[in-house]
Structure formats: C-alpha cells, structure tokens
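Have a look at structure.cif below; it lists mmCIF, C-alpha atoms.
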data_final
loop_
_atom_site.label_atom_id
_atom_site.label_comp_id
_atom_site.auth_asym_id
_atom_site.auth_seq_id
_atom_site.Cartn_x
_atom_site.Cartn_y
_atom_site.Cartn_z
CA MET A 1 -56.86 57.68 -20.52
CA VAL A 2 -55.35 61.17 -20.82
CA SER A 3 -51.94 61.72 -19.28
CA THR A 4 -51.12 65.06 -17.67
CA ARG A 5 -47.38 64.47 -18.05
CA LYS A 6 -45.26 63.61 -21.06
CA TYR A 7 -42.87 60.69 -20.88
CA PRO A 8 -39.50 61.17 -22.66
CA VAL A 9 -39.54 57.93 -24.65
CA GLY A 10 -36.41 57.88 -26.80
CA ILE A 11 -35.31 61.35 -25.64
CA GLN A 12 -31.87 61.52 -24.05
CA THR A 13 -31.09 65.23 -24.23
CA PHE A 14 -31.61 66.96 -20.89
CA SER A 15 -32.18 70.44 -22.34
CA ARG A 16 -34.93 69.23 -24.68
CA LEU A 17 -36.52 67.18 -21.93
CA ARG A 18 -36.73 70.21 -19.62
CA GLU A 19 -37.65 72.80 -22.25
CA GLU A 20 -40.48 70.69 -23.66
CA GLY A 21 -41.93 69.70 -20.29
CA TYR A 22 -41.18 65.98 -20.19
CA LEU A 23 -41.10 64.03 -16.93
CA TYR A 24 -37.62 63.98 -15.37
CA ILE A 25 -36.70 61.75 -12.44
CA ASP A 26 -34.54 64.10 -10.40
CA LYS A 27 -30.96 62.86 -10.05
CA THR A 28 -29.34 66.26 -9.75
CA ASP A 29 -28.37 65.96 -6.08
CA LEU A 30 -26.29 62.87 -6.94
CA ILE A 31 -24.82 64.62 -9.98
CA TRP A 32 -23.77 67.60 -7.88
CA LYS A 33 -22.18 65.33 -5.26
CA MET A 34 -20.33 63.29 -7.90
CA THR A 35 -18.79 66.37 -9.51
CA LYS A 36 -17.43 67.55 -6.15
CA GLU A 37 -15.82 64.29 -5.01
CA SER A 38 -13.41 63.48 -7.85
CA PRO A 39 -12.13 65.29 -10.96
CA PHE A 40 -12.04 62.10 -13.09
CA VAL A 41 -15.01 59.72 -12.92
CA PHE A 42 -15.90 56.50 -14.73
CA LEU A 43 -19.36 54.88 -14.71
CA SER A 44 -20.45 51.66 -16.40
CA ARG A 45 -24.08 50.66 -16.85
CA PRO A 46 -25.95 48.36 -19.27
CA ARG A 47 -27.59 49.76 -22.39
CA ARG A 48 -30.85 51.70 -21.99
CA PHE A 49 -29.99 52.75 -18.42
CA GLY A 50 -29.94 56.51 -19.01
CA LYS A 51 -26.19 57.06 -19.39
CA SER A 52 -26.62 59.44 -22.32
CA LEU A 53 -29.21 61.49 -20.44
CA LEU A 54 -26.74 61.75 -17.58
CA THR A 55 -23.99 63.02 -19.89
CA THR A 56 -26.25 65.70 -21.40
CA THR A 57 -27.30 66.73 -17.88
CA LEU A 58 -23.63 67.20 -16.98
CA ASP A 59 -23.20 69.18 -20.20
CA ALA A 60 -25.98 71.60 -19.23
CA TYR A 61 -24.81 71.87 -15.61
CA PHE A 62 -21.21 72.75 -16.46
CA LYS A 63 -22.33 75.24 -19.10
CA GLY A 64 -24.10 77.05 -16.26
CA GLN A 65 -27.58 76.67 -17.76
CA LYS A 66 -29.29 77.34 -14.45
CA GLU A 67 -32.72 77.90 -15.99
CA LEU A 68 -32.93 74.22 -16.99
CA PHE A 69 -32.58 73.12 -13.36
CA GLU A 70 -35.31 75.25 -11.79
CA GLY A 71 -37.32 73.19 -9.31
CA LEU A 72 -34.74 70.41 -9.09
CA LYS A 73 -32.74 69.33 -6.02
CA ILE A 74 -29.49 70.87 -7.26
CA MET A 75 -30.94 74.35 -6.80
CA ASP A 76 -30.56 73.91 -3.03
CA LEU A 77 -26.91 72.83 -3.44
CA GLU A 78 -25.26 74.83 -6.20
CA THR A 79 -24.52 78.50 -5.47
CA GLU A 80 -22.09 79.54 -8.22
CA TRP A 81 -23.36 78.26 -11.62
CA VAL A 82 -20.05 78.87 -13.36
CA SER A 83 -19.92 78.32 -17.12
CA TYR A 84 -17.04 76.07 -18.19
CA PRO A 85 -15.97 75.09 -21.71
CA VAL A 86 -17.49 71.63 -22.25
CA LEU A 87 -15.95 69.14 -24.68
CA HIS A 88 -18.66 66.51 -25.15
CA PHE A 89 -18.01 63.37 -27.21
CA ASP A 90 -20.60 60.72 -28.11
CA LEU A 91 -18.90 57.64 -29.55
CA SER A 92 -22.09 55.69 -30.22
CA GLY A 93 -21.60 56.58 -33.88
CA ALA A 94 -18.34 54.61 -33.91
CA LYS A 95 -20.07 51.24 -33.48
CA HIS A 96 -19.53 48.62 -36.19
CA LEU A 97 -16.84 50.72 -37.91
CA PRO A 98 -13.35 49.73 -39.09
CA VAL A 99 -10.53 51.48 -37.27
CA GLU A 100 -9.97 54.07 -40.03
CA GLN A 101 -13.59 55.19 -39.74
CA VAL A 102 -13.40 55.20 -35.93
CA LYS A 103 -10.55 57.68 -36.23
CA ALA A 104 -12.59 59.65 -38.77
CA GLU A 105 -15.51 59.85 -36.34
CA LEU A 106 -13.23 61.20 -33.62
CA VAL A 107 -11.86 63.77 -36.06
CA ARG A 108 -15.39 64.78 -37.10
CA GLN A 109 -16.41 65.51 -33.50
CA LEU A 110 -13.13 67.28 -32.77
CA ALA A 111 -13.65 69.51 -35.82
CA ILE A 112 -17.04 70.64 -34.50
CA LEU A 113 -15.48 71.74 -31.21
CA GLU A 114 -12.54 73.38 -33.02
CA LYS A 115 -15.01 75.82 -34.60
CA ASP A 116 -15.33 77.37 -31.13
CA TYR A 117 -11.78 76.98 -29.86
CA GLY A 118 -9.60 76.94 -32.95
CA SER A 119 -7.22 74.35 -34.40
CA ASP A 120 -3.54 73.84 -35.06
CA GLU A 121 -2.25 72.12 -38.20
CA THR A 122 0.63 70.58 -36.25
CA GLU A 123 -1.90 68.48 -34.27
CA VAL A 124 -2.08 65.43 -36.53
CA SER A 125 -3.68 62.75 -34.33
CA PRO A 126 -7.03 62.70 -32.47
CA GLY A 127 -5.22 62.76 -29.13
CA MET A 128 -3.09 65.73 -30.11
CA ARG A 129 -6.18 67.60 -31.29
CA LEU A 130 -7.96 66.81 -28.01
CA ALA A 131 -5.02 68.16 -26.03
CA GLY A 132 -4.98 71.26 -28.21
CA LEU A 133 -8.70 71.81 -27.64
CA ILE A 134 -8.31 71.53 -23.89
CA GLN A 135 -5.42 73.98 -23.87
CA ARG A 136 -7.07 76.55 -26.15
CA SER A 137 -10.43 76.36 -24.36
CA PHE A 138 -8.59 76.99 -21.09
CA GLN A 139 -6.71 79.94 -22.55
CA LYS A 140 -9.78 81.42 -24.26
CA SER A 141 -12.20 81.12 -21.32
CA GLY A 142 -9.81 81.41 -18.39
CA ARG A 143 -11.51 78.33 -16.91
CA GLN A 144 -10.63 74.66 -16.86
CA ALA A 145 -12.34 72.44 -19.42
CA VAL A 146 -14.94 69.79 -18.75
CA VAL A 147 -14.61 66.60 -20.82
CA VAL A 148 -17.62 64.28 -21.18
CA ILE A 149 -17.26 61.03 -23.13
CA ASP A 150 -20.35 58.91 -23.73
CA GLU A 151 -20.07 55.25 -24.87
CA TYR A 152 -16.28 55.31 -24.81
CA ASP A 153 -16.22 51.54 -25.48
CA ALA A 154 -18.48 51.56 -28.57
CA PRO A 155 -15.53 51.15 -31.01
CA LEU A 156 -14.24 48.14 -29.05
CA LEU A 157 -17.25 45.97 -28.23
CA ASP A 158 -17.70 44.49 -31.70
CA VAL A 159 -14.04 43.50 -32.10
CA LEU A 160 -13.39 41.80 -28.77
CA HIS A 161 -12.97 38.42 -30.44
CA ASP A 162 -10.81 39.70 -33.31
CA PRO A 163 -7.33 40.31 -31.82
CA GLU A 164 -5.96 42.20 -34.82
CA ARG A 165 -8.88 44.62 -35.12
CA LEU A 166 -9.10 44.98 -31.33
CA GLU A 167 -5.44 45.97 -31.08
CA ALA A 168 -5.82 48.53 -33.86
CA ALA A 169 -8.88 50.08 -32.21
CA ARG A 170 -7.20 49.98 -28.80
CA GLU A 171 -4.20 51.93 -30.07
CA VAL A 172 -6.40 54.67 -31.52
CA MET A 173 -8.49 55.03 -28.38
CA GLN A 174 -5.53 54.85 -25.99
CA GLU A 175 -3.75 57.62 -27.90
CA PHE A 176 -6.91 59.71 -27.55
CA TYR A 177 -7.55 59.08 -23.85
CA GLN A 178 -3.97 59.34 -22.62
CA ARG A 179 -4.04 63.09 -23.37
CA LEU A 180 -6.52 63.53 -20.53
CA LYS A 181 -3.82 62.74 -17.98
CA MET A 182 -1.35 65.04 -19.72
CA CYS A 183 -3.87 67.91 -19.52
CA GLU A 184 -5.01 67.18 -15.95
CA GLY A 185 -4.22 70.70 -14.69
CA MET A 186 -6.51 72.24 -17.32
CA ILE A 187 -9.47 69.91 -16.63
CA ARG A 188 -12.14 70.81 -14.06
CA PHE A 189 -14.03 67.53 -14.45
CA CYS A 190 -13.89 64.49 -16.73
CA PHE A 191 -16.72 61.96 -16.99
CA ILE A 192 -16.41 58.74 -19.00
CA THR A 193 -19.20 56.22 -19.39
CA GLY A 194 -19.77 52.93 -21.20
CA ILE A 195 -21.06 49.41 -20.79
CA THR A 196 -17.94 47.93 -19.20
CA LYS A 197 -14.41 48.87 -18.15
CA PHE A 198 -11.63 47.26 -20.17
CA SER A 199 -8.95 47.18 -17.51
CA GLN A 200 -6.79 44.63 -19.37
CA LEU A 201 -6.57 46.75 -22.50
CA SER A 202 -4.65 49.53 -20.71
CA ILE A 203 -6.81 52.23 -22.30
CA PHE A 204 -6.92 54.21 -19.07
CA SER A 205 -3.54 53.12 -17.76
CA THR A 206 -2.19 56.67 -17.79
CA ILE A 207 -5.20 58.10 -15.91
CA ASN A 208 -4.22 56.95 -12.43
CA ASN A 209 -6.77 59.17 -10.69
CA LEU A 210 -9.84 57.80 -12.50
CA THR A 211 -12.49 57.02 -9.88
CA ASN A 212 -14.76 54.12 -10.83
CA ILE A 213 -18.19 54.68 -9.22
CA SER A 214 -19.91 51.82 -11.09
CA MET A 215 -20.34 49.71 -7.92
CA ASP A 216 -20.36 52.58 -5.42
CA SER A 217 -23.59 52.33 -3.42
CA LYS A 218 -23.73 56.13 -3.08
CA TYR A 219 -24.34 56.38 -6.83
CA ALA A 220 -26.40 53.26 -7.41
CA ALA A 221 -29.43 55.37 -8.34
CA ILE A 222 -27.69 57.94 -10.57
CA CYS A 223 -29.11 56.15 -13.64
CA GLY A 224 -32.36 54.27 -14.06
CA ILE A 225 -35.46 54.45 -11.85
CA THR A 226 -35.57 53.05 -8.33
CA GLU A 227 -38.65 51.59 -6.66
CA GLU A 228 -38.71 54.56 -4.29
CA GLU A 229 -38.76 56.98 -7.23
CA LEU A 230 -41.50 54.93 -8.83
CA ALA A 231 -43.57 55.23 -5.64
CA THR A 232 -42.90 58.94 -5.11
CA GLN A 233 -42.03 60.93 -8.23
CA MET A 234 -44.29 58.75 -10.41
CA ALA A 235 -47.08 58.26 -7.86
CA PRO A 236 -49.64 60.44 -9.75
CA ASP A 237 -49.11 58.42 -12.92
CA ILE A 238 -49.48 55.11 -11.10
CA ALA A 239 -52.70 56.32 -9.49
CA MET A 240 -54.07 57.37 -12.90
CA LEU A 241 -53.11 54.03 -14.43
CA ALA A 242 -54.76 52.23 -11.51
CA ARG A 243 -58.06 54.07 -12.14
CA GLU A 244 -57.92 53.07 -15.80
CA TYR A 245 -57.50 49.39 -14.90
CA GLU A 246 -59.88 49.57 -11.94
CA CYS A 247 -57.45 48.61 -9.22
CA THR A 248 -55.72 50.34 -6.32
CA PRO A 249 -52.42 52.22 -6.72
CA GLU A 250 -50.78 49.57 -4.52
CA GLU A 251 -52.00 46.81 -6.83
CA MET A 252 -50.79 48.70 -9.90
CA HIS A 253 -47.39 49.23 -8.28
CA ALA A 254 -47.15 45.47 -7.72
CA LYS A 255 -48.10 44.81 -11.37
CA LEU A 256 -45.37 47.15 -12.59
CA LYS A 257 -42.80 45.37 -10.43
CA ARG A 258 -43.68 42.09 -12.17
CA LEU A 259 -42.92 43.44 -15.66
CA PRO A 260 -39.86 41.95 -17.43
CA ARG A 261 -36.65 43.60 -16.31
CA CYS A 262 -33.35 44.40 -17.98
CA PRO A 263 -30.62 41.72 -17.83
CA PRO A 264 -28.62 41.86 -14.59
CA MET A 265 -25.20 43.48 -14.80
CA SER A 266 -23.58 40.12 -14.03
CA ILE A 267 -24.28 38.86 -17.58
CA ILE A 268 -22.83 41.93 -19.34
CA PRO A 269 -19.67 40.89 -21.27
CA SER A 270 -16.55 42.00 -19.46
CA VAL A 271 -12.84 41.49 -19.70
CA CYS A 272 -12.07 43.18 -16.39
#
Write the structure described by the file as structure tokens, please.
Amino acid sequence: MVSTRKYPVGIQTFSRLREEGYLYIDKTDLIWKMTKESPFVFLSRPRRFGKSLLTTTLDAYFKGQKELFEGLKIMDLETEWVSYPVLHFDLSGAKHLPVEQVKAELVRQLAILEKDYGSDETEVSPGMRLAGLIQRSFQKSGRQAVVVIDEYDAPLLDVLHDPERLEAAREVMQEFYQRLKMCEGMIRFCFITGITKFSQLSIFSTINNLTNISMDSKYAAICGITEEELATQMAPDIAMLAREYECTPEEMHAKLKRLPRCPPMSIIPSVC
C-alpha cells in the first residue's frame, strides 16, 4: 500500500509539518477565534493530544508567517498578518529535575530570547528577566509581545506528593508567571498549556484575567482529531486503507473507531 500523504508521526512543529508536506488537520479557524476573544488563555489536555503542535502554530501565526497557512481556513479570516515578537517557552525539558535545575532551564530559554532582545544584569531572577524581555521586545518592535508557554506544569507533576519539593518548585514558577500580570499592557496574547490547572497552588493567582477554555465546547476540537475530521479531512486515507483490507470505507471507519483510545480526562491527576 502506497500512501499519497505523509503522516506527521512524532512531529510537533507546525512550520516543519507545512514545509515538508505532512498532513495537517486544519484547526486554524478555532485558533484565530481564540486569539480574538481573550488576551490570556489557558488550555489543559492530556498528553499526546497535540498541545505542542498548537503552540508552534500560534508561534508561526503571530510571527506573521502567512506562507505557512496557505490553503487553510484562517486565510479567509485573517486580513492583517502582523508580525509580533513571540516569546515561546517549552518546559517539557524541566521534567524530573530538582528545583535548581528547573530554574536553570528557565534561564537557558530566557538567554536564547535575550540574544534577540537584549539583557539587563540587574534582572537576577527568571521572572525579572521575563519582564525585561517583554519590555525590551515591546520597545524594540513597537508591538506588544506574544507569550506562549507549553507544558507549564512539567516541573510540578513529579513532586505533587513531596510537599517540600513542591513548595520550592511552586515558588520558582509563581515568581516567573506573576510577571505576566505586571506586563499586561505590553502583551498582545498569552497562551499557557499543560495537563492540568493547579488552582490550589496559587501559581496564576495574580493573573485574574486568565480565561480557561479547557471545558469550553467552542474549543473542544482545537486539539486532537474529531470523528467528523476523520470522516472528511482523512476520507481519502480511509478509502485507501479500506481497499487494502478489502472492505468498504464505512466498515474501515467503524474499525478505526474500535481502536483503543486515550484515557478519559476524568482520570488525569488534578488538584483543582
């Protein structure tokens, strides 16, 4: 069986996916709508649900990389394609690390962004350096910054049952995130994603305008693949697979529905 389309197995970078011709299930109309409704957005989803792909799509969109979106739904919606300074953090590398190394990972990612926007030796903590980056990117570009944080909870998940280590990690992350509220006027859009929302840890207590869309039905399909998308955007692939296994597309669709699924969100650990 020869496939006419490439599937992005293990690829979570939107630009690579589009440039190398991989199949993309078009979510860009929902992304456009989300970025217009609230300046600060939080989304939780289980692992392997496409959160990282969503963050890299936002990265490309806010950098004004219009060429990557040709043929997608957003082309009928977006008319400006303004390029904003994007501060993109991926905290997946902070899993399983002691608090000192969590702070070091934040500093490492901040240093990469400071190559473009400069640094200030008086900024001694990760939060202070984040605030400095937001301010300098605003001054340098004349446009508000966009902050994207993927897997914000990665440093916390492994220490939930260790009160001392959890408190130490919480203090580091709270100091980092609280700067977002302080810099609100210089932020065009902020997107934070993770597996769960730790409301009792007060990490986001200072961000009182953070909109949680995790259970909002309007955005239920912003990650993952729905049955409708399976039947429409992936219809040619299902038909080809059906020919290989000598059955109808309808029968193949039913077989795919019976495959093992991801755990329901209700069993994801939460301290909300």
Q. Care to translate the PyMOL selection byres ((chain A and resi 235-238) around 10) into actual residues of this file, as a PyMOL selection string?
A. chain A and resi 3-5+228-234+239-244+248-253+256
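Counting from CA of Lys95 (chain A), the distance to CA of Gly194 (chain A) is 12.4 Å.
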Q: Quote the spacing between CA of Ser52 (chain A) and CA of Gln139 (chain A) in Å to one decimal place.
A: 28.6 Å
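On the file presented, the PyMOL selection byres ((chain A and resi 222) around 8) picks out A:Lys27, A:Leu30, A:Ile31, A:Tyr219, A:Ala220, A:Ala221, A:Cys223, A:Gly224.
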Q. Which residues, written as an MDAnalysis selection string, have at least one atom at most 12 Å from Glu37 (chain A), with all atoms listed in the file counted and residues fewer than 3 positions away on the same chain left out?
A. chainID A and resid 30:34 40:41 188:190 209:213 218:219
Keeping only C-alpha atoms, take the residues you just selected and write them out as a CSV table (one decimal), in the coordinates of the input.
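Output below, filename again_1.csv:
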chain,number,residue,atom,x,y,z
A,30,LEU,CA,-26.3,62.9,-6.9
A,31,ILE,CA,-24.8,64.6,-10.0
A,32,TRP,CA,-23.8,67.6,-7.9
A,33,LYS,CA,-22.2,65.3,-5.3
A,34,MET,CA,-20.3,63.3,-7.9
A,40,PHE,CA,-12.0,62.1,-13.1
A,41,VAL,CA,-15.0,59.7,-12.9
A,188,ARG,CA,-12.1,70.8,-14.1
A,189,PHE,CA,-14.0,67.5,-14.4
A,190,CYS,CA,-13.9,64.5,-16.7
A,209,ASN,CA,-6.8,59.2,-10.7
A,210,LEU,CA,-9.8,57.8,-12.5
A,211,THR,CA,-12.5,57.0,-9.9
A,212,ASN,CA,-14.8,54.1,-10.8
A,213,ILE,CA,-18.2,54.7,-9.2
A,218,LYS,CA,-23.7,56.1,-3.1
A,219,TYR,CA,-24.3,56.4,-6.8
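What separates CA of Lys63 (chain A) from CA of Ala145 (chain A) is a distance of 10.4 Å.
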**Q.** region 156-158 of chain A environment, 12 Å, only C-alpha atoms, sequence neighbours closer than 3 positions dropped, as a VMD selection string
**A.** chain A and resid 91 to 92 94 to 99 102 151 to 153 161 to 174 194 to 198 201 203 268 to 271
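Neighbours of Glu70 (chain A) closer than or equal to 10 Å, with only C-alpha atoms counted and sequence neighbours fewer than 5 positions away skipped, come out as Arg18, Gln65 and Met75 of chain A.
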Q. Given the file above and the PyMOL selection byres ((chain A and resi 55) around 9), which residues are selected, and can you give them as JSON, numbers by chain?
A. {"A": [13, 14, 50, 51, 52, 53, 54, 56, 57, 58, 59, 60, 88, 148, 149, 150, 191, 192, 193]}
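Of the listed residues A:Arg16, A:Arg48, A:Arg143, A:Arg129, the one whose atoms come nearest to Ala111 (chain A) is A:Arg129, with distances taken using all atoms listed in the file.
Excluding Met128 (chain A) and any residue on its chain fewer than 6 positions from it, the residues at most 10 Å away by all atoms listed in the file are Asp120, Thr122, Ile134, Glu175, Phe176, Gln178 and Arg179 of chain A.
Minimum atom-to-atom distance to Ile74 (chain A), evaluated using all atoms listed in the file, belongs to A:Tyr61 out of A:Tyr61, A:Tyr22, A:Tyr177, A:Phe204.
Minimum atom-to-atom distance to Met215 (chain A), evaluated using all atoms listed in the file, belongs to A:Phe42 out of A:Tyr24, A:Phe138, A:Phe42, A:Tyr84.
Of the listed residues (A:Lys181, A:Arg108, A:Lys140, A:Lys115), A:Arg108 comes nearest to Phe89 (chain A); the distances count all atoms listed in the file.
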